[in-house]
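Below: the structure, in C-alpha cells.
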Amino acid sequence: MEAVVVDAGSKLLKAGIAAPDQLPPLVMPSKMKLEVEDQQLADGAVVEEVVQPVVRGFVKDWDAMEDLLNYVLYRNIGWEIGDEGQILFTEPLFTPKTLREQLVQLMFEKFNVSGFYASEQAVLSLYAVGRISGCTVDIGHGKIDIAPVCEGAVQHVASKRLEIGGGDLTNLFAQELKKSNPSVNLDTSDVERLKEQYACCTEDQLAFEDIESSCQPERHTLPDGQVITIEKERYIVGEALFQPSILGLEDYGIVHQLVTSVSNVSSEYHRQLLENTMLCGATASMTGFEDRFQREANLSASAICPSLVKPPEYMPENLARYSAWMGGAILAKVVFPQNQHVTKGEYDETGPSIVHKKCF
C-alpha cells in the first residue's frame with residue numbers, strides 16, 4: 001500500500017495517498033462535532049459541541065484528533081484494522097518536541113502504522129516547486145510562518161511566527177461589514193464566503209488610503225435573502241497583512257518580516273533565499289496580494305529584492321493552497337522506499353523520542 005500524507009491545519013485537513021503532482025484527494029474541515037449530555041436540560045438531552053483539535057497550527061485536543069484521524073484513515077483512505085500502512089505528517093514551524101512525540105506515539109500505539117515520518121511544512125512547500133533552498137511565507141488560518149530554508153533545513157533562529165492568520169482576517173472583515181451593515185445578521189460561513197469572493201489588495205498603502213473616497217459599493221444577496229453592501233471593507237483584509245496595526249498589533253508588515261528573517265541568516269545565503277520566496281496558504285491567492293507583495297518587496301531596504309517562485313507548469317494552478325501536502329507526497333516517495341522513516345521495530349525499541357533522530 002502506498003504511503004498516506006496528512007496535512008492537518010487549524011481550518012482544513014488535507015489527506016490522501018501520496019501522488020506528487022496531484023491535489024490532495026481529501027480536503028475537509030479539521031473539526032469534530034461531539035454529542036454531549038447537557039446536565040442543565042431535562043432528561044439528559046444531548047447537544048452538539050464543535051471541537052477544534054488543531055488551534056493555530058498545533059494539536060490541542062488529542063482525543064478529538066484521534067477521532068478525526070480515525071475517520072480520515074479508515075472511512076476515507078480505506079485502511080483496514082490490522083492492515084495499516086505508512087504515514088507522513090506535515091509539521092508547522094516551531095512544533096514542540098512533546099507534540100512530535102505524542103503524534104508518533106498515537107500513530108504506532110493507536111493506529112498500528114508500519115512506518116512514520118514527519119517533515120516541516122516550509123521544507124515541503126519548497127519541494128513542491130522543485131527547490132531545496134528558499135524562504136516560505138505561509139499564511140495559515142491561525143498563524144503566519146516565515147521560514148528561511150537552506151539545503152532542506154529550516155533556519156529556526158531566523159524564522160518568525162506571527163500569531164495572526166486567515167481566521168483573524170475573517171473576524172476583521174466581519175467587524176467592518178457589521179459597521180456598515182448593522183441590520184444584517186452574518187454568521188462565520190457567510191463572512192468566509194464573502195471574504196473569498198470580494199477581499200483584495202490595493203497596489204500600495206497610498207491607494208488604500210484613497211479608497212474611502214473612490215470605492216464603488218457592491219450589493220450582495222446572502223443565501224437567506226438579506227442584502228449586504230460591500231465597499232472599502234473588501235480592501236482592509238489584505239491591507240492588514242502589510243499594516244498589522246489594523247489588527248491592533250504593534251508589528252511590521254509581512255514583507256519587512258521576511259527581509260528581517262533572511263538578514264539573520266549567513267549573508268552567503270541571502271540571494272538564494274530571497275530570490276526563491278514562496279507564498280503559501282489560501283490567503284496568498286487573494287486578488288492583488290501577490291502583486292502587492294512583489295511591489296513592496298521591490299521597494300524594501302534589502303540589497304537583494306525578494307522575488308516570488310513560479311510553480312512548475314505541470315503543477316496545479318492553486319498549488320499555494322496545498323503546497324505542504326504536495327511536497328509531502330514528493331518526500332513520501334523517497335523516505336519510505338529508502339527506509340529513512342521510523343519503523344515499528346525502532347519505535348518499540350526506543351520509544352517516542354526516536355522521532356527526533358529520524359525526522360529532522
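Identifiers in this document derive from the order of the C-alpha cells: chains are assigned A, B, ..., residues are numbered from 1 separately in each chain, and ligands are numbered from 1 in order of occurrence.
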
Could you write out, as a tab-separated table (two decimals) with all heavy atoms, in the first residue's frame, all the residues of range 239-279 of chain A that DSSP marks as alpha helix (DSSP H)?
chain	number	residue	atom	x	y	z
A	239	GLU	N	-4.90	44.62	3.45
A	239	GLU	CA	-4.04	45.69	3.98
A	239	GLU	C	-3.50	45.33	5.36
A	239	GLU	O	-2.39	45.72	5.72
A	239	GLU	CB	-4.82	47.00	4.05
A	239	GLU	CG	-3.95	48.23	4.27
A	239	GLU	CD	-2.99	48.50	3.12
A	239	GLU	OE1	-3.32	48.10	1.98
A	239	GLU	OE2	-1.92	49.10	3.37
A	240	ALA	N	-4.28	44.58	6.13
A	240	ALA	CA	-3.85	44.20	7.48
A	240	ALA	C	-2.56	43.37	7.47
A	240	ALA	O	-1.81	43.38	8.44
A	240	ALA	CB	-4.96	43.42	8.18
A	241	LEU	N	-2.30	42.67	6.37
A	241	LEU	CA	-1.05	41.89	6.27
A	241	LEU	C	0.16	42.79	6.09
A	241	LEU	O	1.28	42.42	6.45
A	241	LEU	CB	-1.16	40.89	5.11
A	241	LEU	CG	-2.21	39.80	5.27
A	241	LEU	CD1	-2.41	39.06	3.97
A	241	LEU	CD2	-1.83	38.85	6.39
A	242	PHE	N	-0.07	43.97	5.53
A	242	PHE	CA	1.03	44.91	5.32
A	242	PHE	C	1.06	45.99	6.40
A	242	PHE	O	2.09	46.64	6.61
A	242	PHE	CB	0.90	45.55	3.93
A	242	PHE	CG	0.95	44.54	2.82
A	242	PHE	CD1	-0.21	44.01	2.28
A	242	PHE	CD2	2.17	44.07	2.34
A	242	PHE	CE1	-0.16	43.06	1.27
A	242	PHE	CE2	2.23	43.12	1.34
A	242	PHE	CZ	1.06	42.61	0.80
A	254	ILE	N	4.31	42.17	6.48
A	254	ILE	CA	4.78	40.84	6.12
A	254	ILE	C	6.08	40.86	5.30
A	254	ILE	O	6.94	40.00	5.46
A	254	ILE	CB	3.64	40.10	5.38
A	254	ILE	CG1	3.91	38.60	5.35
A	254	ILE	CG2	3.38	40.68	4.01
A	254	ILE	CD1	2.69	37.81	4.94
A	255	VAL	N	6.25	41.86	4.43
A	255	VAL	CA	7.47	41.93	3.62
A	255	VAL	C	8.67	42.29	4.50
A	255	VAL	O	9.76	41.71	4.38
A	255	VAL	CB	7.32	42.93	2.46
A	255	VAL	CG1	8.64	43.11	1.72
A	255	VAL	CG2	6.24	42.46	1.49
A	256	HIS	N	8.48	43.26	5.38
A	256	HIS	CA	9.55	43.64	6.31
A	256	HIS	C	9.95	42.45	7.18
A	256	HIS	O	11.15	42.22	7.44
A	256	HIS	CB	9.08	44.80	7.19
A	256	HIS	CG	10.17	45.40	8.04
A	256	HIS	ND1	10.60	44.81	9.21
A	256	HIS	CD2	10.93	46.53	7.88
A	256	HIS	CE1	11.56	45.54	9.74
A	256	HIS	NE2	11.78	46.59	8.96
A	257	GLN	N	8.98	41.66	7.62
A	257	GLN	CA	9.27	40.48	8.44
A	257	GLN	C	10.11	39.48	7.66
A	257	GLN	O	11.04	38.86	8.21
A	257	GLN	CB	7.96	39.81	8.88
A	257	GLN	CG	7.06	40.69	9.71
A	257	GLN	CD	7.49	40.77	11.18
A	257	GLN	OE1	8.52	40.23	11.55
A	257	GLN	NE2	6.71	41.43	12.00
A	258	LEU	N	9.80	39.30	6.39
A	258	LEU	CA	10.58	38.38	5.54
A	258	LEU	C	12.03	38.84	5.43
A	258	LEU	O	12.96	38.04	5.64
A	258	LEU	CB	9.94	38.30	4.15
A	258	LEU	CG	10.79	37.65	3.05
A	258	LEU	CD1	11.00	36.17	3.32
A	258	LEU	CD2	10.16	37.87	1.68
A	259	VAL	N	12.23	40.09	5.09
A	259	VAL	CA	13.58	40.62	4.91
A	259	VAL	C	14.38	40.52	6.21
A	259	VAL	O	15.56	40.17	6.21
A	259	VAL	CB	13.52	42.08	4.39
A	259	VAL	CG1	14.91	42.70	4.38
A	259	VAL	CG2	12.91	42.12	2.99
A	260	THR	N	13.72	40.83	7.33
A	260	THR	CA	14.39	40.74	8.63
A	260	THR	C	14.80	39.31	8.94
A	260	THR	O	15.91	39.05	9.43
A	260	THR	CB	13.48	41.27	9.75
A	260	THR	OG1	13.13	42.62	9.46
A	260	THR	CG2	14.17	41.21	11.09
A	261	SER	N	13.91	38.35	8.66
A	261	SER	CA	14.24	36.94	8.91
A	261	SER	C	15.47	36.51	8.12
A	261	SER	O	16.39	35.90	8.66
A	261	SER	CB	13.05	36.05	8.55
A	261	SER	OG	12.00	36.20	9.46
A	262	VAL	N	15.48	36.84	6.85
A	262	VAL	CA	16.60	36.43	6.00
A	262	VAL	C	17.90	37.11	6.42
A	262	VAL	O	18.98	36.53	6.34
A	262	VAL	CB	16.28	36.73	4.52
A	262	VAL	CG1	17.50	36.50	3.63
A	262	VAL	CG2	15.12	35.86	4.04
A	263	SER	N	17.81	38.33	6.94
A	263	SER	CA	19.02	39.05	7.36
A	263	SER	C	19.71	38.36	8.53
A	263	SER	O	20.89	38.60	8.79
A	263	SER	CB	18.68	40.50	7.75
A	263	SER	OG	17.93	40.54	8.96
A	270	HIS	N	21.78	34.82	1.34
A	270	HIS	CA	20.73	35.83	1.16
A	270	HIS	C	20.11	35.80	-0.23
A	270	HIS	O	18.88	35.81	-0.37
A	270	HIS	CB	21.27	37.22	1.48
A	270	HIS	CG	21.47	37.46	2.94
A	270	HIS	ND1	21.87	38.67	3.47
A	270	HIS	CD2	21.32	36.64	4.02
A	270	HIS	CE1	21.96	38.58	4.78
A	270	HIS	NE2	21.65	37.35	5.13
A	271	ARG	N	20.93	35.80	-1.25
A	271	ARG	CA	20.39	35.83	-2.61
A	271	ARG	C	19.56	34.58	-2.89
A	271	ARG	O	18.44	34.67	-3.43
A	271	ARG	CB	21.52	35.95	-3.64
A	271	ARG	CG	21.01	36.03	-5.09
A	271	ARG	CD	22.15	36.30	-6.06
A	271	ARG	NE	22.78	37.58	-5.81
A	271	ARG	CZ	22.29	38.75	-6.22
A	271	ARG	NH1	21.16	38.79	-6.91
A	271	ARG	NH2	22.93	39.87	-5.95
A	272	GLN	N	20.07	33.43	-2.52
A	272	GLN	CA	19.37	32.17	-2.75
A	272	GLN	C	18.01	32.13	-2.04
A	272	GLN	O	17.02	31.63	-2.59
A	272	GLN	CB	20.25	31.01	-2.28
A	272	GLN	CG	19.79	29.63	-2.73
A	272	GLN	CD	20.78	28.56	-2.33
A	272	GLN	OE1	21.55	28.72	-1.39
A	272	GLN	NE2	20.77	27.45	-3.05
A	273	LEU	N	17.96	32.69	-0.85
A	273	LEU	CA	16.72	32.69	-0.08
A	273	LEU	C	15.71	33.68	-0.64
A	273	LEU	O	14.55	33.35	-0.89
A	273	LEU	CB	17.01	33.01	1.39
A	273	LEU	CG	17.80	31.97	2.17
A	273	LEU	CD1	18.18	32.51	3.55
A	273	LEU	CD2	17.00	30.69	2.32
A	274	LEU	N	16.15	34.92	-0.84
A	274	LEU	CA	15.23	35.98	-1.25
A	274	LEU	C	14.73	35.80	-2.68
A	274	LEU	O	13.59	36.16	-3.00
A	274	LEU	CB	15.89	37.34	-1.08
A	274	LEU	CG	16.10	37.78	0.38
A	274	LEU	CD1	16.99	39.02	0.45
A	274	LEU	CD2	14.76	38.05	1.06

Determine, for each residue of range 66-137 of chain A having at least one atom at most 7 Å from an atom of range 5-10 of chain A, the closest pair of atoms and their separation in Å to one decimal, counting only C-alpha atoms; order by chain and ascending number, as JSON lines.
{"residue": "A:Ile87", "atom": "CA", "partner": "A:Val5", "partner_atom": "CA", "distance": 5.9}
{"residue": "A:Leu88", "atom": "CA", "partner": "A:Val5", "partner_atom": "CA", "distance": 4.8}
{"residue": "A:Phe89", "atom": "CA", "partner": "A:Val6", "partner_atom": "CA", "distance": 4.9}
{"residue": "A:Thr90", "atom": "CA", "partner": "A:Asp7", "partner_atom": "CA", "distance": 5.2}

Top pick for closest residue to Cys135 in chain A, considering A:Val335, A:Leu99, A:Val72, A:Ala147 and counting only C-alpha atoms: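 Between A:Val335, A:Leu99, A:Val72, A:Ala147, the residue approaching Cys135 in chain A most closely is A:Ala147.
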
Residue contacts of Pro306 in chain A (7 Å, only C-alpha atoms) excluding same-chain residues fewer than 5 positions away, as a list in words: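 Within the cut-off, the hits are Leu274, Glu275, Thr277 and Ala297 of chain A.
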
Kindly export the residues of the current selection with C-alpha atoms, as a PDB file, in the first residue's frame.
ATOM      1  CA  LEU A 274      15.228  35.978  -1.249  1.00  0.00           C
ATOM      2  CA  GLU A 275      15.154  35.075  -4.925  1.00  0.00           C
ATOM      3  CA  THR A 277      10.463  33.294  -1.938  1.00  0.00           C
ATOM      4  CA  ALA A 297       9.482  43.749  -1.941  1.00  0.00           C
TER       5      ALA A 297
END

Do a neighbour search on Leu249 in chain A at 12 Å with only C-alpha atoms, toss out local chain neighbours closer than 4 positions, and write the hits as a PDB file with all heavy atoms, in the first residue's frame.
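That gives us selection.pdb:
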ATOM      1  N   LEU A 162       3.986  34.736  13.340  1.00  0.00           N
ATOM      2  CA  LEU A 162       3.053  35.797  13.724  1.00  0.00           C
ATOM      3  C   LEU A 162       1.750  35.126  14.120  1.00  0.00           C
ATOM      4  O   LEU A 162       1.221  34.298  13.374  1.00  0.00           O
ATOM      5  CB  LEU A 162       2.819  36.759  12.553  1.00  0.00           C
ATOM      6  CG  LEU A 162       4.060  37.398  11.915  1.00  0.00           C
ATOM      7  CD1 LEU A 162       3.659  38.263  10.729  1.00  0.00           C
ATOM      8  CD2 LEU A 162       4.822  38.220  12.925  1.00  0.00           C
ATOM      9  N   GLU A 163       1.228  35.475  15.286  1.00  0.00           N
ATOM     10  CA  GLU A 163       0.028  34.828  15.799  1.00  0.00           C
ATOM     11  C   GLU A 163      -1.243  35.448  15.199  1.00  0.00           C
ATOM     12  O   GLU A 163      -2.190  35.774  15.915  1.00  0.00           O
ATOM     13  CB  GLU A 163      -0.001  34.902  17.324  1.00  0.00           C
ATOM     14  CG  GLU A 163       1.100  34.110  18.002  1.00  0.00           C
ATOM     15  CD  GLU A 163       0.916  32.604  17.852  1.00  0.00           C
ATOM     16  OE1 GLU A 163      -0.230  32.144  17.728  1.00  0.00           O
ATOM     17  OE2 GLU A 163       1.935  31.883  17.853  1.00  0.00           O
ATOM     18  N   ILE A 164      -1.233  35.602  13.897  1.00  0.00           N
ATOM     19  CA  ILE A 164      -2.434  36.030  13.170  1.00  0.00           C
ATOM     20  C   ILE A 164      -2.542  35.151  11.931  1.00  0.00           C
ATOM     21  O   ILE A 164      -1.567  34.553  11.499  1.00  0.00           O
ATOM     22  CB  ILE A 164      -2.385  37.521  12.753  1.00  0.00           C
ATOM     23  CG1 ILE A 164      -1.158  37.796  11.850  1.00  0.00           C
ATOM     24  CG2 ILE A 164      -2.392  38.423  13.956  1.00  0.00           C
ATOM     25  CD1 ILE A 164      -1.155  39.182  11.238  1.00  0.00           C
ATOM     26  N   ASP A 168      -8.225  35.401  11.721  1.00  0.00           N
ATOM     27  CA  ASP A 168      -8.229  36.762  12.262  1.00  0.00           C
ATOM     28  C   ASP A 168      -8.682  37.766  11.203  1.00  0.00           C
ATOM     29  O   ASP A 168      -9.365  38.747  11.511  1.00  0.00           O
ATOM     30  CB  ASP A 168      -6.837  37.128  12.770  1.00  0.00           C
ATOM     31  CG  ASP A 168      -6.368  36.162  13.849  1.00  0.00           C
ATOM     32  OD1 ASP A 168      -6.830  36.282  14.993  1.00  0.00           O
ATOM     33  OD2 ASP A 168      -5.564  35.276  13.527  1.00  0.00           O
ATOM     34  N   ALA A 240      -4.281  44.576   6.125  1.00  0.00           N
ATOM     35  CA  ALA A 240      -3.850  44.201   7.478  1.00  0.00           C
ATOM     36  C   ALA A 240      -2.565  43.374   7.469  1.00  0.00           C
ATOM     37  O   ALA A 240      -1.810  43.381   8.439  1.00  0.00           O
ATOM     38  CB  ALA A 240      -4.959  43.424   8.181  1.00  0.00           C
ATOM     39  N   LEU A 241      -2.296  42.671   6.365  1.00  0.00           N
ATOM     40  CA  LEU A 241      -1.054  41.889   6.268  1.00  0.00           C
ATOM     41  C   LEU A 241       0.157  42.794   6.089  1.00  0.00           C
ATOM     42  O   LEU A 241       1.277  42.417   6.453  1.00  0.00           O
ATOM     43  CB  LEU A 241      -1.156  40.895   5.110  1.00  0.00           C
ATOM     44  CG  LEU A 241      -2.212  39.799   5.274  1.00  0.00           C
ATOM     45  CD1 LEU A 241      -2.410  39.058   3.966  1.00  0.00           C
ATOM     46  CD2 LEU A 241      -1.826  38.847   6.386  1.00  0.00           C
ATOM     47  N   PHE A 242      -0.068  43.965   5.535  1.00  0.00           N
ATOM     48  CA  PHE A 242       1.030  44.915   5.317  1.00  0.00           C
ATOM     49  C   PHE A 242       1.056  45.995   6.401  1.00  0.00           C
ATOM     50  O   PHE A 242       2.087  46.636   6.612  1.00  0.00           O
ATOM     51  CB  PHE A 242       0.898  45.552   3.933  1.00  0.00           C
ATOM     52  CG  PHE A 242       0.951  44.537   2.816  1.00  0.00           C
ATOM     53  CD1 PHE A 242      -0.213  44.015   2.276  1.00  0.00           C
ATOM     54  CD2 PHE A 242       2.170  44.071   2.343  1.00  0.00           C
ATOM     55  CE1 PHE A 242      -0.164  43.063   1.266  1.00  0.00           C
ATOM     56  CE2 PHE A 242       2.232  43.124   1.338  1.00  0.00           C
ATOM     57  CZ  PHE A 242       1.057  42.614   0.800  1.00  0.00           C
ATOM     58  N   GLN A 243      -0.092  46.173   7.079  1.00  0.00           N
ATOM     59  CA  GLN A 243      -0.173  47.104   8.211  1.00  0.00           C
ATOM     60  C   GLN A 243      -0.853  46.386   9.385  1.00  0.00           C
ATOM     61  O   GLN A 243      -2.060  46.553   9.601  1.00  0.00           O
ATOM     62  CB  GLN A 243      -1.001  48.334   7.842  1.00  0.00           C
ATOM     63  CG  GLN A 243      -0.424  49.227   6.772  1.00  0.00           C
ATOM     64  CD  GLN A 243      -1.215  50.524   6.668  1.00  0.00           C
ATOM     65  OE1 GLN A 243      -1.211  51.349   7.581  1.00  0.00           O
ATOM     66  NE2 GLN A 243      -1.910  50.717   5.556  1.00  0.00           N
ATOM     67  N   PRO A 244      -0.113  45.587  10.137  1.00  0.00           N
ATOM     68  CA  PRO A 244      -0.717  44.829  11.244  1.00  0.00           C
ATOM     69  C   PRO A 244      -1.379  45.705  12.310  1.00  0.00           C
ATOM     70  O   PRO A 244      -2.175  45.205  13.105  1.00  0.00           O
ATOM     71  CB  PRO A 244       0.473  44.069  11.835  1.00  0.00           C
ATOM     72  CG  PRO A 244       1.461  43.967  10.713  1.00  0.00           C
ATOM     73  CD  PRO A 244       1.310  45.241   9.953  1.00  0.00           C
ATOM     74  N   SER A 245      -1.077  47.001  12.311  1.00  0.00           N
ATOM     75  CA  SER A 245      -1.713  47.897  13.288  1.00  0.00           C
ATOM     76  C   SER A 245      -3.235  47.903  13.104  1.00  0.00           C
ATOM     77  O   SER A 245      -3.979  48.190  14.049  1.00  0.00           O
ATOM     78  CB  SER A 245      -1.174  49.317  13.131  1.00  0.00           C
ATOM     79  OG  SER A 245      -1.391  49.804  11.814  1.00  0.00           O
ATOM     80  N   GLY A 253       4.975  44.927   8.784  1.00  0.00           N
ATOM     81  CA  GLY A 253       4.238  44.188   7.767  1.00  0.00           C
ATOM     82  C   GLY A 253       4.984  42.953   7.304  1.00  0.00           C
ATOM     83  O   GLY A 253       6.145  42.711   7.639  1.00  0.00           O
TER      84      GLY A 253
END

Write out as a CSV table (one decimal) with N, CA and C atoms, in the first residue's frame which residues come within 12 Å of Gly166 in chain A when counting only C-alpha atoms, dropping same-chain ones fewer than 3 positions away.
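Resulting contents of out-v3.csv:
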chain,number,residue,atom,x,y,z
A,9,GLY,N,-4.4,21.2,9.3
A,9,GLY,CA,-4.3,22.7,9.7
A,9,GLY,C,-5.4,23.0,10.7
A,10,SER,N,-5.4,24.3,11.0
A,10,SER,CA,-6.4,24.8,12.0
A,10,SER,C,-7.8,24.8,11.4
A,11,LYS,N,-7.9,25.0,10.1
A,11,LYS,CA,-9.2,25.1,9.5
A,11,LYS,C,-9.5,23.8,8.6
A,12,LEU,N,-8.5,23.4,7.8
A,12,LEU,CA,-8.7,22.3,6.9
A,12,LEU,C,-7.7,21.2,7.1
A,56,ARG,N,-4.3,27.2,15.9
A,56,ARG,CA,-3.1,28.0,15.4
A,56,ARG,C,-1.9,27.0,15.1
A,138,ASP,N,4.1,31.5,4.9
A,138,ASP,CA,2.9,30.6,4.9
A,138,ASP,C,1.8,31.3,5.8
A,139,ILE,N,0.7,31.7,5.1
A,139,ILE,CA,-0.4,32.4,5.8
A,139,ILE,C,-1.5,31.3,6.0
A,140,GLY,N,-1.5,30.8,7.2
A,140,GLY,CA,-2.4,29.8,7.6
A,140,GLY,C,-3.7,30.4,8.2
A,141,HIS,N,-4.6,29.5,8.6
A,141,HIS,CA,-5.8,30.0,9.2
A,141,HIS,C,-5.6,30.7,10.6
A,142,GLY,N,-4.6,30.2,11.3
A,142,GLY,CA,-4.4,30.7,12.7
A,142,GLY,C,-3.0,31.2,12.9
A,143,LYS,N,-2.1,31.3,11.9
A,143,LYS,CA,-0.8,31.8,12.1
A,143,LYS,C,-0.1,32.2,10.7
A,144,ILE,N,0.9,33.0,10.8
A,144,ILE,CA,1.8,33.2,9.6
A,144,ILE,C,3.2,32.8,10.0
A,162,LEU,N,4.0,34.7,13.3
A,162,LEU,CA,3.1,35.8,13.7
A,162,LEU,C,1.7,35.1,14.1
A,163,GLU,N,1.2,35.5,15.3
A,163,GLU,CA,0.0,34.8,15.8
A,163,GLU,C,-1.2,35.4,15.2
A,169,LEU,N,-8.3,37.5,10.0
A,169,LEU,CA,-8.7,38.4,8.9
A,169,LEU,C,-10.2,38.3,8.6
A,170,THR,N,-10.8,37.0,8.8
A,170,THR,CA,-12.2,36.8,8.7
A,170,THR,C,-13.0,37.6,9.8
A,171,ASN,N,-12.4,37.6,11.0
A,171,ASN,CA,-13.1,38.3,12.1
A,171,ASN,C,-13.0,39.8,11.8
A,172,LEU,N,-11.9,40.3,11.3
A,172,LEU,CA,-11.8,41.7,11.0
A,172,LEU,C,-12.8,42.1,9.9
A,173,PHE,N,-12.9,41.3,8.9
A,173,PHE,CA,-13.9,41.6,7.8
A,173,PHE,C,-15.3,41.6,8.4
A,191,VAL,N,-19.4,35.1,6.2
A,191,VAL,CA,-18.2,36.0,6.1
A,191,VAL,C,-17.1,35.4,5.3
A,192,GLU,N,-16.8,34.1,5.6
A,192,GLU,CA,-15.7,33.5,4.9
A,192,GLU,C,-16.0,33.4,3.4
A,195,LYS,N,-15.5,36.9,2.0
A,195,LYS,CA,-14.0,37.2,2.0
A,195,LYS,C,-13.4,36.6,0.8
A,196,GLU,N,-13.7,35.4,0.5
A,196,GLU,CA,-13.1,34.7,-0.6
A,196,GLU,C,-13.5,35.3,-1.9
A,199,ALA,N,-12.6,40.0,-1.1
A,199,ALA,CA,-11.4,40.6,-0.5
A,199,ALA,C,-10.3,40.7,-1.5
A,237,VAL,N,-8.9,43.7,4.5
A,237,VAL,CA,-8.4,42.4,4.8
A,237,VAL,C,-7.0,42.2,4.4
A,238,GLY,N,-6.7,42.5,3.1
A,238,GLY,CA,-5.3,42.4,2.6
A,238,GLY,C,-4.4,43.4,3.2
A,240,ALA,N,-4.3,44.6,6.1
A,240,ALA,CA,-3.8,44.2,7.5
A,240,ALA,C,-2.6,43.4,7.5
A,241,LEU,N,-2.3,42.7,6.4
A,241,LEU,CA,-1.1,41.9,6.3
A,241,LEU,C,0.2,42.8,6.1
A,280,CYS,N,2.5,30.8,0.6
A,280,CYS,CA,1.7,29.6,0.8
A,280,CYS,C,0.4,30.0,1.5
A,281,GLY,N,-0.6,29.1,1.4
A,281,GLY,CA,-1.9,29.3,2.1
A,281,GLY,C,-2.9,29.9,1.2
A,282,ALA,N,-4.2,29.7,1.6
A,282,ALA,CA,-5.3,30.2,0.8
A,282,ALA,C,-5.3,31.7,0.7
A,283,THR,N,-4.9,32.4,1.8
A,283,THR,CA,-5.0,33.8,1.8
A,283,THR,C,-4.0,34.4,0.7
A,284,ALA,N,-2.9,33.6,0.4
A,284,ALA,CA,-1.9,34.1,-0.6
A,284,ALA,C,-2.5,34.2,-2.0
A,285,SER,N,-3.7,33.6,-2.2
A,285,SER,CA,-4.3,33.6,-3.5
A,285,SER,C,-5.3,34.8,-3.6
A,286,MET,N,-5.4,35.6,-2.6
A,286,MET,CA,-6.3,36.8,-2.6
A,286,MET,C,-6.0,37.7,-3.8

Shell of 12 Å around Glu109 in chain A, only C-alpha atoms, local chain residues under 6 positions omitted, as a list in words: Glu66, Glu84, Glu101, Gln102, Leu103, Gly115, Phe116, Lys344, Tyr347, Asp348, Gly351 and Pro352 of chain A

Nearest residue to Ile246 in chain A from the set A:Pro311, A:Glu176, A:Gly57, A:Gln52 (distances using only C-alpha atoms): A:Glu176

Which of A:Asn276, A:Val154, A:Arg100, A:Glu231 sits closest to Ser213 in chain A [using only C-alpha atoms]: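 Closest candidate: A:Glu231.
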
Within 12 Å of Leu319 in chain A using only C-alpha atoms, minus same-chain residues under 3 positions, as a ChimeraX atom specification: /A:20-24,125-129,278-282,284-285,309-316,322-327
